[in-house]
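Okay, input-v3.txt is below, compact mmCIF, C-alpha atoms and all ligand atoms:
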# COMPACT_ATOMS: atom_id res chain seq x y z
CA MET A 1 18.15 -21.95 9.95
CA PHE A 2 17.91 -18.24 10.67
CA SER A 3 19.46 -15.81 8.30
CA GLU A 4 20.89 -12.67 9.80
CA TYR A 5 19.90 -10.59 6.81
CA ASN A 6 16.91 -10.65 4.52
CA THR A 7 16.88 -9.08 1.07
CA VAL A 8 13.78 -6.92 0.73
CA ASN A 9 12.25 -4.41 -1.65
CA LYS A 10 11.78 -0.89 -0.38
CA GLY A 11 10.28 2.24 -1.85
CA ILE A 12 12.20 5.46 -1.34
CA VAL A 13 10.63 8.81 -2.17
CA VAL A 14 12.78 11.86 -2.90
CA LYS A 15 11.68 15.32 -3.91
CA LEU A 16 12.78 16.53 -7.35
CA TYR A 17 13.62 20.09 -8.37
CA PRO A 18 13.46 20.05 -12.17
CA ASP A 19 14.37 23.14 -14.21
CA GLU A 20 12.02 24.32 -16.93
CA ILE A 21 13.48 22.10 -19.66
CA MET A 22 13.25 19.07 -17.38
CA ARG A 23 9.73 19.97 -16.29
CA ASN A 24 8.68 20.01 -19.94
CA LYS A 25 10.33 16.65 -20.55
CA ILE A 26 8.64 15.12 -17.49
CA ASN A 27 5.28 16.58 -18.50
CA GLN A 28 5.75 15.18 -22.00
CA ASN A 29 6.51 11.72 -20.59
CA ILE A 30 3.56 11.90 -18.23
CA GLY A 31 1.33 12.99 -21.12
CA ASN A 32 2.60 10.15 -23.30
CA ALA A 33 2.03 7.59 -20.55
CA ARG A 34 -1.51 8.89 -20.03
CA PHE A 35 -2.16 8.98 -23.79
CA THR A 36 -0.90 5.40 -24.16
CA TRP A 37 -3.00 4.19 -21.22
CA ASN A 38 -6.17 5.76 -22.61
CA LYS A 39 -5.52 4.57 -26.17
CA LEU A 40 -4.77 0.99 -25.11
CA LEU A 41 -7.82 0.90 -22.86
CA GLN A 42 -10.00 2.24 -25.68
CA GLU A 43 -8.46 -0.19 -28.17
CA TYR A 44 -9.08 -3.08 -25.78
CA GLN A 45 -12.70 -2.08 -25.25
CA GLU A 46 -13.40 -1.71 -28.95
CA THR A 47 -11.80 -5.09 -29.75
CA PHE A 48 -13.74 -6.71 -26.94
CA GLU A 49 -17.01 -5.28 -28.31
CA LEU A 50 -16.22 -6.85 -31.71
CA PHE A 51 -15.40 -10.16 -30.04
CA LYS A 52 -18.66 -10.06 -28.08
CA LYS A 53 -20.64 -9.77 -31.30
CA GLN A 54 -19.03 -13.01 -32.41
CA GLY A 55 -20.05 -14.76 -29.21
CA TYR A 56 -16.85 -14.52 -27.16
CA THR A 57 -17.26 -13.61 -23.48
CA LYS A 58 -13.64 -12.99 -22.56
CA LEU A 59 -10.74 -11.26 -24.24
CA GLN A 60 -7.35 -12.04 -22.81
CA CYS A 61 -5.20 -9.04 -22.15
CA ASN A 62 -1.60 -10.13 -22.12
CA ILE A 63 1.78 -8.56 -22.72
CA LYS A 64 1.94 -9.78 -26.34
CA THR A 65 -1.41 -8.26 -27.33
CA PHE A 66 -0.62 -4.93 -25.72
CA ASN A 67 2.91 -4.85 -27.11
CA THR A 68 1.51 -5.21 -30.62
CA MET A 69 -1.04 -2.49 -29.88
CA LEU A 70 1.70 -0.21 -28.55
CA ASN A 71 3.87 -0.67 -31.65
CA MET A 72 0.90 0.21 -33.84
CA LEU A 73 0.30 3.34 -31.75
CA LYS A 74 3.95 4.37 -32.12
CA THR A 75 3.79 4.25 -35.91
CA GLN A 76 0.65 6.39 -35.77
CA TYR A 77 1.83 8.88 -33.14
CA SER A 78 5.53 9.55 -33.56
CA PHE A 79 5.75 11.76 -30.44
CA LEU A 80 5.61 8.54 -28.42
CA TYR A 81 9.20 7.89 -29.51
CA GLU A 82 10.25 10.78 -27.30
CA SER A 83 9.36 8.70 -24.23
CA GLU A 84 11.82 6.41 -22.53
CA SER A 85 10.68 3.10 -24.07
CA SER A 86 10.42 1.06 -20.86
CA SER A 87 8.05 3.69 -19.46
CA LEU A 88 5.48 2.96 -22.18
CA GLN A 89 5.85 -0.79 -21.73
CA GLN A 90 5.20 -0.15 -18.06
CA VAL A 91 1.85 1.38 -19.01
CA PHE A 92 0.45 -1.85 -20.43
CA ARG A 93 1.95 -3.86 -17.58
CA ASP A 94 0.02 -1.60 -15.19
CA LEU A 95 -3.07 -1.94 -17.36
CA ILE A 96 -2.81 -5.74 -17.27
CA GLN A 97 -2.50 -5.55 -13.46
CA ALA A 98 -5.55 -3.28 -13.33
CA PHE A 99 -7.56 -5.80 -15.36
CA LYS A 100 -6.30 -8.64 -13.18
CA ARG A 101 -7.47 -6.80 -10.08
CA PHE A 102 -10.80 -6.15 -11.75
CA PHE A 103 -11.28 -9.81 -12.69
CA ASN A 104 -10.29 -10.85 -9.14
CA ASN A 105 -12.95 -8.49 -7.81
CA THR A 106 -10.36 -6.54 -5.85
CA SER A 107 -10.74 -3.34 -7.83
CA SER A 108 -13.15 -1.49 -10.06
CA TYR A 109 -12.94 -1.44 -13.88
CA PRO A 110 -9.83 0.41 -15.21
CA ARG A 111 -10.70 4.03 -15.90
CA PHE A 112 -9.52 6.52 -18.46
CA LYS A 113 -6.94 8.92 -17.04
CA SER A 114 -7.91 12.55 -16.98
CA LYS A 115 -5.56 15.47 -17.56
CA LYS A 116 -7.27 17.29 -14.69
CA ASN A 117 -6.35 14.64 -12.11
CA PRO A 118 -3.71 16.33 -9.88
CA LYS A 119 -1.68 13.09 -9.69
CA HIS A 120 0.28 11.70 -12.62
CA SER A 121 3.24 9.39 -13.01
CA PHE A 122 5.34 7.20 -15.26
CA ARG A 123 7.81 4.45 -14.43
CA ILE A 124 11.25 3.69 -15.86
CA GLN A 125 12.93 0.29 -15.54
CA ASN A 126 16.56 0.45 -14.54
CA ASN A 127 18.76 -1.10 -17.21
CA ASN A 128 21.90 0.15 -15.52
CA ASN A 129 21.15 3.60 -16.88
CA ILE A 130 19.83 5.32 -13.77
CA LYS A 131 22.66 7.10 -11.95
CA ILE A 132 22.57 8.60 -8.47
CA GLN A 133 24.99 11.40 -7.62
CA ASP A 134 25.15 13.68 -4.60
CA ASN A 135 22.53 16.16 -5.72
CA ILE A 136 21.66 14.91 -9.16
CA ILE A 137 19.83 11.94 -10.60
CA VAL A 138 20.57 10.97 -14.19
CA LEU A 139 17.58 9.42 -15.91
CA PRO A 140 17.70 7.67 -19.29
CA LYS A 141 16.51 9.87 -22.16
CA LEU A 142 15.49 12.65 -19.72
CA GLY A 143 18.90 13.64 -18.40
CA GLN A 144 19.88 15.33 -15.13
CA VAL A 145 17.51 16.44 -12.42
CA HIS A 146 18.21 17.93 -8.98
CA TYR A 147 16.89 16.09 -5.94
CA ARG A 148 16.90 16.47 -2.19
CA THR A 149 16.69 13.85 0.54
CA SER A 150 18.32 12.84 3.84
CA ASN A 151 21.92 11.63 3.92
CA HIS A 152 20.66 8.25 5.09
CA TYR A 153 18.52 7.84 1.97
CA LYS A 154 21.30 9.14 -0.30
CA LYS A 155 23.64 6.49 1.05
CA LEU A 156 20.98 3.80 0.71
CA LEU A 157 20.25 4.80 -2.89
CA LYS A 158 23.91 4.74 -3.84
CA GLU A 159 24.54 1.36 -2.22
CA SER A 160 21.40 -0.50 -3.25
CA LYS A 161 20.28 -2.14 -6.43
CA ILE A 162 17.61 0.03 -8.06
CA ASN A 163 14.86 -1.93 -9.82
CA ASN A 164 12.88 0.96 -11.18
CA VAL A 165 11.94 4.58 -10.59
CA THR A 166 8.53 6.20 -10.78
CA ILE A 167 8.46 9.90 -11.58
CA LYS A 168 5.39 11.45 -9.96
CA LYS A 169 3.77 14.82 -10.29
CA GLU A 170 1.36 15.58 -7.49
CA HIS A 171 -0.38 18.93 -7.10
CA GLY A 172 2.42 20.65 -9.00
CA HIS A 173 5.28 19.03 -7.02
CA PHE A 174 7.67 16.47 -8.50
CA TYR A 175 8.92 13.27 -6.82
CA ALA A 176 10.92 10.19 -7.69
CA VAL A 177 9.98 6.89 -6.05
CA PHE A 178 12.82 4.40 -6.21
CA ASN A 179 12.11 0.72 -5.85
CA ILE A 180 15.31 -0.70 -4.38
CA GLU A 181 16.65 -4.02 -3.16
CA THR A 182 18.32 -3.81 0.18
CA ASN A 183 19.24 -5.95 3.18
CA VAL A 184 17.57 -5.72 6.55
CA GLU A 185 18.89 -7.35 9.66
CA THR A 186 16.41 -9.81 11.18
CA MET A 187 15.21 -9.08 14.71
CA ASP A 188 15.72 -11.09 17.85
CA TYR A 189 12.94 -13.39 18.99
CA THR A 190 10.90 -12.19 21.92
CA TYR A 191 8.50 -15.16 22.20
CA ASN A 192 5.56 -12.79 22.59
CA ILE A 193 2.18 -12.95 20.90
CA VAL A 194 -0.22 -10.10 20.34
CA GLY A 195 -3.77 -9.74 19.03
CA ILE A 196 -4.69 -6.38 17.51
CA ASP A 197 -8.18 -4.94 17.14
CA LEU A 198 -8.55 -2.01 14.74
CA GLY A 199 -11.29 0.46 15.54
CA MET A 200 -12.89 3.78 14.76
CA ARG A 201 -12.55 5.27 18.24
CA THR A 202 -9.09 3.90 18.95
CA LEU A 203 -6.81 3.10 16.02
CA ALA A 204 -5.45 -0.10 17.53
CA THR A 205 -6.07 -1.96 20.77
CA LEU A 206 -3.57 -4.63 21.77
CA SER A 207 -4.49 -7.78 23.67
CA ASN A 208 -2.29 -6.64 26.58
CA GLY A 209 -4.58 -3.64 27.05
CA LEU A 210 -2.45 -1.03 25.31
CA LYS A 211 -4.49 1.42 23.25
CA ILE A 212 -3.04 3.41 20.38
CA ALA A 213 -4.94 6.58 19.57
CA ASN A 214 -5.72 7.84 16.11
CA LEU A 215 -3.44 10.62 14.95
CA ASP A 216 -5.04 14.04 15.29
CA THR A 217 -4.95 15.49 11.78
CA ARG A 218 -7.78 18.00 12.21
CA HIS A 219 -5.53 20.97 11.47
CA GLU A 220 -4.29 19.49 8.18
CA GLU A 221 -7.84 18.53 7.22
CA LYS A 222 -9.04 22.06 7.91
CA MET A 223 -6.31 23.52 5.70
CA ILE A 224 -7.00 20.97 2.93
CA LYS A 225 -10.69 21.91 2.93
CA LYS A 226 -9.81 25.61 2.87
CA TYR A 227 -7.52 25.32 -0.17
CA GLN A 228 -9.85 22.91 -1.99
CA LYS A 229 -12.59 25.50 -1.65
CA SER A 230 -10.33 28.30 -2.81
CA LEU A 231 -9.12 26.17 -5.76
CA SER A 232 -12.67 25.53 -6.94
CA ARG A 233 -13.20 29.28 -7.31
CA LYS A 234 -10.15 29.78 -9.55
CA LYS A 235 -9.81 29.41 -13.29
CA TYR A 236 -8.29 26.04 -14.24
CA ASN A 237 -4.57 26.25 -15.06
CA SER A 238 -4.33 30.00 -14.31
CA THR A 239 -1.29 31.24 -12.37
CA ARG A 240 -3.33 31.65 -9.18
CA TYR A 241 -4.90 28.23 -9.69
CA ASN A 242 -1.50 26.54 -9.96
CA LYS A 243 -0.19 28.39 -6.92
CA THR A 244 -3.16 27.29 -4.80
CA LEU A 245 -2.83 23.75 -6.15
CA LYS A 246 0.77 23.63 -4.91
CA THR A 247 -0.23 24.84 -1.44
CA LEU A 248 -3.07 22.31 -1.34
CA GLY A 249 -0.59 19.61 -2.35
CA LYS A 250 1.71 20.61 0.49
CA TRP A 251 -1.06 20.12 3.08
CA ILE A 252 -2.22 16.82 1.62
CA LYS A 253 1.38 15.61 1.63
CA ARG A 254 1.88 16.80 5.20
CA LYS A 255 -1.19 14.92 6.40
CA ASN A 256 -0.27 11.73 4.54
CA ASN A 257 3.33 11.88 5.69
CA ARG A 258 2.33 12.28 9.33
CA ILE A 259 0.03 9.26 9.11
CA LYS A 260 2.61 7.22 7.22
CA ASP A 261 5.27 8.11 9.77
CA ALA A 262 3.00 7.10 12.67
CA TYR A 263 2.18 3.79 10.97
CA HIS A 264 5.85 3.07 10.35
CA LYS A 265 6.62 3.68 14.02
CA LEU A 266 3.70 1.57 15.21
CA SER A 267 4.41 -1.35 12.86
CA HIS A 268 8.11 -1.25 13.73
CA TYR A 269 7.28 -1.31 17.45
CA LEU A 270 4.97 -4.29 16.94
CA VAL A 271 7.35 -6.48 14.93
CA LYS A 272 10.18 -5.67 17.32
CA LYS A 273 8.15 -6.56 20.39
CA TYR A 274 6.19 -9.57 19.10
CA ASP A 275 6.98 -12.75 17.18
CA LEU A 276 3.40 -13.61 16.35
CA ILE A 277 0.98 -10.87 15.34
CA CYS A 278 -2.69 -11.71 14.92
CA MET A 279 -5.15 -9.43 13.18
CA GLU A 280 -8.54 -9.61 11.56
CA THR A 281 -8.94 -9.94 7.80
CA LEU A 282 -10.17 -6.79 6.12
CA ASP A 283 -12.63 -7.24 3.31
CA ILE A 284 -11.14 -5.45 0.30
CA ARG A 285 -14.28 -5.77 -1.78
CA GLU A 286 -16.35 -4.19 0.96
CA MET A 287 -13.77 -1.43 1.04
CA PHE A 288 -14.32 -0.58 -2.63
CA GLU A 289 -18.07 -0.81 -2.43
CA GLN A 290 -18.26 1.40 0.63
CA THR A 291 -20.24 4.53 -0.28
CA ASP A 292 -19.67 6.45 2.96
CA TYR A 293 -16.53 8.39 2.03
CA SER A 294 -15.13 8.81 5.55
CA LYS A 295 -15.65 5.09 6.27
CA LYS A 296 -13.95 4.27 2.99
CA LEU A 297 -10.94 6.40 3.94
CA GLN A 298 -10.85 4.74 7.37
CA ASN A 299 -10.89 1.30 5.74
CA ILE A 300 -8.14 2.20 3.31
CA SER A 301 -5.99 3.53 6.11
CA TRP A 302 -6.49 0.35 8.17
CA TYR A 303 -5.56 -1.65 5.12
CA LYS A 304 -2.35 0.33 4.71
CA LEU A 305 -1.40 -0.24 8.35
CA LEU A 306 -2.14 -3.96 8.07
CA GLU A 307 -0.08 -4.29 4.89
CA MET A 308 2.79 -2.49 6.57
CA ILE A 309 2.74 -4.84 9.57
CA LYS A 310 2.49 -7.80 7.19
CA TYR A 311 5.50 -6.94 5.07
CA LYS A 312 7.59 -6.01 8.09
CA CYS A 313 6.80 -9.43 9.60
CA GLN A 314 8.16 -10.88 6.38
CA TRP A 315 11.27 -8.68 6.48
CA TYR A 316 12.15 -9.55 10.05
CA ASP A 317 11.14 -13.25 10.14
CA LYS A 318 8.11 -12.78 12.33
CA ILE A 319 4.75 -14.50 11.93
CA PHE A 320 1.63 -12.71 10.79
CA ILE A 321 -1.75 -14.38 11.13
CA GLN A 322 -4.96 -13.01 9.71
CA ILE A 323 -7.98 -14.60 11.34
CA SER A 324 -11.29 -14.99 9.54
CA GLN A 325 -13.45 -11.90 9.40
CA TRP A 326 -16.36 -14.12 10.44
CA HIS A 327 -14.76 -14.96 13.77
CA PRO A 328 -17.00 -13.22 16.32
CA SER A 329 -14.18 -11.43 18.13
CA SER A 330 -16.26 -8.65 19.69
CA LYS A 331 -19.23 -10.60 21.02
CA ASN A 332 -17.38 -13.56 22.57
CA CYS A 333 -16.25 -13.37 26.19
CA ASN A 334 -12.54 -14.15 26.08
CA VAL A 335 -12.67 -15.69 29.57
CA CYS A 336 -15.52 -18.21 29.35
CA GLY A 337 -16.36 -18.14 25.64
CA TYR A 338 -19.97 -17.00 26.18
CA TYR A 339 -21.46 -15.53 22.97
CA ASN A 340 -23.23 -12.30 23.83
CA LYS A 341 -25.59 -11.92 20.87
CA ASN A 342 -27.30 -8.91 22.45
CA LEU A 343 -24.14 -6.81 22.52
CA GLY A 344 -24.58 -3.52 20.67
CA ASP A 345 -22.15 -0.61 20.48
CA GLU A 346 -21.35 -0.55 24.22
CA LYS A 347 -17.75 0.34 25.09
CA LYS A 348 -17.94 -1.72 28.28
CA TRP A 349 -19.97 -4.82 29.10
CA THR A 350 -20.20 -7.52 31.73
CA CYS A 351 -20.34 -11.16 30.74
CA PRO A 352 -23.71 -12.56 31.93
CA HIS A 353 -22.11 -15.96 32.40
CA CYS A 354 -18.79 -15.43 34.22
CA LYS A 355 -19.43 -11.80 35.31
CA THR A 356 -16.13 -10.55 33.86
CA GLN A 357 -16.17 -6.85 33.12
CA HIS A 358 -14.97 -6.21 29.61
CA ASP A 359 -13.57 -3.30 27.70
CA ARG A 360 -15.02 -4.00 24.27
CA ASP A 361 -11.81 -3.43 22.27
CA ILE A 362 -9.46 -5.22 24.68
CA ASN A 363 -11.82 -8.22 24.76
CA ALA A 364 -11.84 -8.27 20.95
CA ALA A 365 -8.04 -8.06 20.77
CA LYS A 366 -7.72 -10.93 23.28
CA ASN A 367 -10.09 -13.05 21.18
CA ILE A 368 -8.09 -12.28 18.05
CA LYS A 369 -4.91 -13.33 19.83
CA GLN A 370 -6.50 -16.54 21.13
CA GLU A 371 -7.88 -17.42 17.71
CA GLY A 372 -4.54 -16.75 16.02
CA TYR A 373 -2.72 -18.87 18.56
CA ARG A 374 -5.32 -21.64 18.24
CA LEU A 375 -4.88 -21.67 14.47
CA LEU A 376 -1.14 -21.91 14.82
CA LYS A 377 -1.35 -24.70 17.40
CA GLU A 378 -4.04 -26.67 15.64
CA LYS A 379 -2.51 -26.73 12.23
CA ASN A 380 1.12 -26.61 13.31
CA LYS A 381 1.91 -26.51 9.63
CA MET A 382 -0.58 -23.98 8.53
CA ASN A 383 -1.25 -22.07 5.41
CA LEU A 384 1.04 -19.16 6.00
CA ARG A 385 0.19 -17.23 2.90
CA ASP A 386 3.25 -15.06 2.74
CA TRP A 387 5.82 -17.46 4.04
CA GLY A 388 6.26 -19.62 0.98
CA ASP A 389 7.13 -23.16 1.93
CA SER A 390 8.25 -22.41 5.46
CA THR A 391 7.02 -24.69 8.19
CA VAL A 392 6.23 -23.56 11.68
CA ILE A 393 7.39 -25.93 14.36
CA LEU A 394 6.25 -25.38 17.90
CA LEU A 395 9.00 -26.69 20.09
CA ARG A 396 7.34 -25.88 23.36
CA ASP A 397 3.65 -25.53 23.99
CA TRP A 398 2.94 -23.68 27.17
CA GLY A 399 -0.80 -23.51 26.90
CA ASP A 400 -2.21 -20.06 26.67
CA SER A 401 0.90 -18.31 27.91
CA THR A 402 2.79 -16.11 25.54
CA VAL A 403 5.83 -18.32 25.30
CA ILE A 404 6.40 -20.30 22.18
CA LEU A 405 9.55 -21.26 20.43
CA LEU A 406 9.63 -21.14 16.71
CA SER A 407 11.83 -22.53 14.10
CA TRP A 408 11.72 -22.39 10.36
CA GLU A 409 12.40 -25.20 7.98
CA SER A 410 12.34 -24.18 4.41
CA THR A 411 11.42 -26.86 1.93
CA SER A 412 12.24 -24.66 -1.01
CA PRO A 413 15.72 -25.06 -2.54
ZN ZN B 501 -17.60 -14.83 30.35

What is this structure when it is put down as structure tokens?
Amino acid sequence: MFSEYNTVNKGIVVKLYPDEIMRNKINQNIGNARFTWNKLLQEYQETFELFKKQGYTKLQCNIKTFNTMLNMLKTQYSFLYESESSSLQQVFRDLIQAFKRFFNNTSSYPRFKSKKNPKHSFRIQNNNNIKIQDNIIVLPKLGQVHYRTSNHYKKLLKESKINNVTIKKEHGHFYAVFNIETNVETMDYTYNIVGIDLGMRTLATLSNGLKIANLDTRHEEKMIKKYQKSLSRKKYNSTRYNKTLKTLGKWIKRKNNRIKDAYHKLSHYLVKKYDLICMETLDIREMFEQTDYSKKLQNISWYKLLEMIKYKCQWYDKIFIQISQWHPSSKNCNVCGYYNKNLGDEKKWTCPHCKTQHDRDINAAKNIKQEGYRLLKEKNKMNLRDWGDSTVILLRDWGDSTVILLSWESTSP
């Protein structure tokens, strides 16, 4: 039945303090990863062009093809041997993923990586050769590098199984992102359901009327703009340029960290308080095609929050339901079901049929909750995308109240 612990994957970011020798090694690895990415992408495109001339419409990109290409590159460019070998294999794995996302219409066509991009990285698989000590990380082929993080993370890193580590360079700062396997204790059931409406004015509105405001990051944004402007006036790669780049990086990181922290707190609160969380589906394709930059950022940030709630539901044995994006959650009266086709952008409206006064967002959240609950009730065994072969059994059905009892029966071995 219920397990007390679930094994989950977590990403842990620590800041690195490499000395000059290490910085050079990291830069070399980053350069090699970028070089390999660009060469493989170019190679793929050229081969595909040849294939097209012979009438083929698709060229499979698989591990075998890219591995052969990589080995050919290595014989041509011997400096690639200086890279940790799994980090170059990771490049074509990432490239295959990028093509997969492109063919699934969830991402744009893989692009060449530019040296001028302030973000670079490479990933190393752990073949029992990554060692964590108190202040030092030992990386295969690269050697020792100083790091700093909280005691809690240090302990976690030492006790957990490390799958891989990504070494990142962002705006002149260095980080290591560890992908670890760890256990989380499942949470107690609360038998509560919630519908969540995401919005521009209010970040999230819950079906019980609670509104969660957007984080105020105006100060960080002001500083980011200031340093971006100042960076554009400096000579690329000059001492003053690199110094400004680092300061800019600090502000970008500060803004992102504050948002990430707020999202972690919100998603943790939600999975702790509710057993069934219902949200709308976000259209990823629309997100990529969005040309209004601020709307695009808003969409991406909603998507991040949603993904966070989703994986935490999985961690803690809670249920996550995404309702169809075509469900008219805003325009339906949650009391009588009347469809108000004339509703515009009004924050408040009164149902012409049952005269209920609505707050737009709360009404939408209530509809999302009702729809999620209806889906669960109707299908009983529904297509729970992320729950594998688990079956949802409703032991008690108390109408529209928030009390349901759940149990899981796994059909997988
Ligand atoms: Zn009504």

Problem set entry | Among listed residues A:Lys341, A:Gln370, A:Ser114, A:Asn334, nearest ligand ZN 501 (chain B) (using all atoms listed in the file) | A:Asn334

For this session: For ligand ZN 501 (chain B), list the contacting residues at 8 Å or closer, counting only C-alpha atoms and all ligand atoms, as a list in words.
Result: Asn332, Cys333, Asn334, Val335, Cys336, Gly337, Tyr338, Thr350, Cys351, Pro352, His353, Cys354, Lys355 and Thr356 of chain A

Output for the residues just chosen: C-alpha atoms as a PDB file, in the frame of the given file:
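To be explicit, this is the file written out as part38.pdb:
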ATOM      1  CA  ASN A 332     -17.380 -13.560  22.570  1.00  0.00           C
ATOM      2  CA  CYS A 333     -16.250 -13.370  26.190  1.00  0.00           C
ATOM      3  CA  ASN A 334     -12.540 -14.150  26.080  1.00  0.00           C
ATOM      4  CA  VAL A 335     -12.670 -15.690  29.570  1.00  0.00           C
ATOM      5  CA  CYS A 336     -15.520 -18.210  29.350  1.00  0.00           C
ATOM      6  CA  GLY A 337     -16.360 -18.140  25.640  1.00  0.00           C
ATOM      7  CA  TYR A 338     -19.970 -17.000  26.180  1.00  0.00           C
ATOM      8  CA  THR A 350     -20.200  -7.520  31.730  1.00  0.00           C
ATOM      9  CA  CYS A 351     -20.340 -11.160  30.740  1.00  0.00           C
ATOM     10  CA  PRO A 352     -23.710 -12.560  31.930  1.00  0.00           C
ATOM     11  CA  HIS A 353     -22.110 -15.960  32.400  1.00  0.00           C
ATOM     12  CA  CYS A 354     -18.790 -15.430  34.220  1.00  0.00           C
ATOM     13  CA  LYS A 355     -19.430 -11.800  35.310  1.00  0.00           C
ATOM     14  CA  THR A 356     -16.130 -10.550  33.860  1.00  0.00           C
TER      15      THR A 356
END

Give me, as CSV, the closest atom pair and its distance (Å, one decimal) for every residue of range 162-218 of chain A within a cut-off of 12 Å of range 135-143 of chain A, counting only C-alpha atoms, rows sorted by chain and rising number.
residue,atom,partner,partner_atom,distance
A:Asn164,CA,A:Leu139,CA,10.8
A:Val165,CA,A:Leu139,CA,9.1
A:Thr166,CA,A:Leu139,CA,10.9
A:Ile167,CA,A:Leu139,CA,10.1
A:Tyr175,CA,A:Ile137,CA,11.6
A:Ala176,CA,A:Ile137,CA,9.5
A:Val177,CA,A:Ile137,CA,12.0
A:Phe178,CA,A:Ile137,CA,11.2

Exercise. Could you state the separation of CA of Ile21 in chain A and CA of Phe174 in chain A in Å, given to one decimal place?
Worked result: 13.8 Å

Interface rows for range 253-288 of chain A against range 87-111 of chain A: nearest pair, Å to one decimal, 10 Å, all atoms listed in the file, as a tab-separated table:
residue	atom	partner	partner_atom	distance
A:Asp283	CA	A:Thr106	CA	9.5
A:Ile284	CA	A:Thr106	CA	6.3
A:Arg285	CA	A:Thr106	CA	5.7
A:Glu286	CA	A:Thr106	CA	9.4
A:Met287	CA	A:Thr106	CA	9.2
A:Phe288	CA	A:Ser107	CA	6.9

Problem set entry | A:Arg148, A:Arg258, A:Lys265, A:Lys246 ranked by distance to Lys312 in chain A, top pick (using only C-alpha atoms) |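 Using only C-alpha atoms, Lys312 in chain A sits closest to A:Lys265.
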
Exercise. What does the distance between CA of Lys115 in chain A and CA of Lys250 in chain A come to in Å, to one decimal place?
Worked result: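 Spanning CA of Lys115 in chain A to CA of Lys250 in chain A is a straight-line distance of 20.1 Å.
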
For this session: Please return, as JSON, numbers by chain, all polymer residues that have at least one atom within 12 Å of the point (-2.5, -7.3, -28.4); use only C-alpha atoms and the file's own coordinate frame.
Result: {"A": [40, 41, 43, 44, 45, 47, 48, 59, 60, 61, 62, 63, 64, 65, 66, 67, 68, 69, 70, 71, 72, 73, 92, 96]}

For this session: Name the residues in contact with Lys331 in chain A at a cut-off of 12 Å, using all atoms listed in the file, excluding same-chain residues fewer than 5 positions from it; report them as JSON, numbers by chain.
Result: {"A": [326, 336, 337, 338, 339, 340, 341, 342, 343, 344, 345, 346, 347, 348, 349, 350, 351, 352, 358, 359, 360, 361, 362, 363, 364, 365, 366, 367, 368]}

Problem set entry | Nearest residue to Leu203 in chain A from the set A:Ile321, A:Leu266, A:Glu221, A:Lys161 (distances using all atoms listed in the file) | A:Leu266

Problem set entry | Length of the CA of Asn208 in chain A to CA of Asn257 in chain A vector [Å] | 28.5 Å

Problem set entry | Counting all atoms listed in the file, the residue of A:Gln144, A:Gly199, A:Asp292, A:Leu210 that sits nearest Ser330 in chain A |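 So, comparing all the options, the nearest one is A:Gly199.
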
Please determine an axis-aligned box that encloses all atoms of range 216-227 of chain A listed in the file, with 5 Å added on each side, and express its centre and edge lengths in Å to one decimal as JSON.
{"center_x": -7.5, "center_y": 19.8, "center_z": 7.6, "size_x": 16.4, "size_y": 21.6, "size_z": 25.5}

Where atoms are missing, can you supply N, CA and C atoms for range 353-363 of chain A and output the lot as a PDB file, in the coordinates of the input?
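Printed below is part18.pdb as written:
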ATOM      1  N   HIS A 353     -22.439 -14.615  31.947  1.00  0.00           N
ATOM      2  CA  HIS A 353     -22.110 -15.960  32.400  1.00  0.00           C
ATOM      3  C   HIS A 353     -21.049 -15.962  33.503  1.00  0.00           C
ATOM      4  N   CYS A 354     -19.882 -15.365  33.221  1.00  0.00           N
ATOM      5  CA  CYS A 354     -18.790 -15.430  34.220  1.00  0.00           C
ATOM      6  C   CYS A 354     -18.597 -14.106  34.943  1.00  0.00           C
ATOM      7  N   LYS A 355     -19.430 -13.103  34.614  1.00  0.00           N
ATOM      8  CA  LYS A 355     -19.430 -11.800  35.310  1.00  0.00           C
ATOM      9  C   LYS A 355     -18.143 -10.977  35.100  1.00  0.00           C
ATOM     10  N   THR A 356     -17.329 -11.356  34.131  1.00  0.00           N
ATOM     11  CA  THR A 356     -16.130 -10.550  33.860  1.00  0.00           C
ATOM     12  C   THR A 356     -16.528  -9.225  33.242  1.00  0.00           C
ATOM     13  N   GLN A 357     -15.906  -8.153  33.718  1.00  0.00           N
ATOM     14  CA  GLN A 357     -16.170  -6.850  33.120  1.00  0.00           C
ATOM     15  C   GLN A 357     -15.207  -6.633  31.962  1.00  0.00           C
ATOM     16  N   HIS A 358     -15.781  -6.330  30.809  1.00  0.00           N
ATOM     17  CA  HIS A 358     -14.970  -6.210  29.610  1.00  0.00           C
ATOM     18  C   HIS A 358     -14.888  -4.789  29.080  1.00  0.00           C
ATOM     19  N   ASP A 359     -13.690  -4.429  28.596  1.00  0.00           N
ATOM     20  CA  ASP A 359     -13.570  -3.300  27.700  1.00  0.00           C
ATOM     21  C   ASP A 359     -13.747  -3.922  26.324  1.00  0.00           C
ATOM     22  N   ARG A 360     -14.646  -3.380  25.548  1.00  0.00           N
ATOM     23  CA  ARG A 360     -15.020  -4.000  24.270  1.00  0.00           C
ATOM     24  C   ARG A 360     -13.807  -4.300  23.381  1.00  0.00           C
ATOM     25  N   ASP A 361     -12.941  -3.288  23.197  1.00  0.00           N
ATOM     26  CA  ASP A 361     -11.810  -3.430  22.270  1.00  0.00           C
ATOM     27  C   ASP A 361     -10.745  -4.402  22.791  1.00  0.00           C
ATOM     28  N   ILE A 362     -10.480  -4.321  24.110  1.00  0.00           N
ATOM     29  CA  ILE A 362      -9.460  -5.220  24.680  1.00  0.00           C
ATOM     30  C   ILE A 362      -9.948  -6.666  24.593  1.00  0.00           C
ATOM     31  N   ASN A 363     -11.243  -6.872  24.883  1.00  0.00           N
ATOM     32  CA  ASN A 363     -11.820  -8.220  24.760  1.00  0.00           C
ATOM     33  C   ASN A 363     -11.669  -8.735  23.333  1.00  0.00           C
TER      34      ASN A 363
END
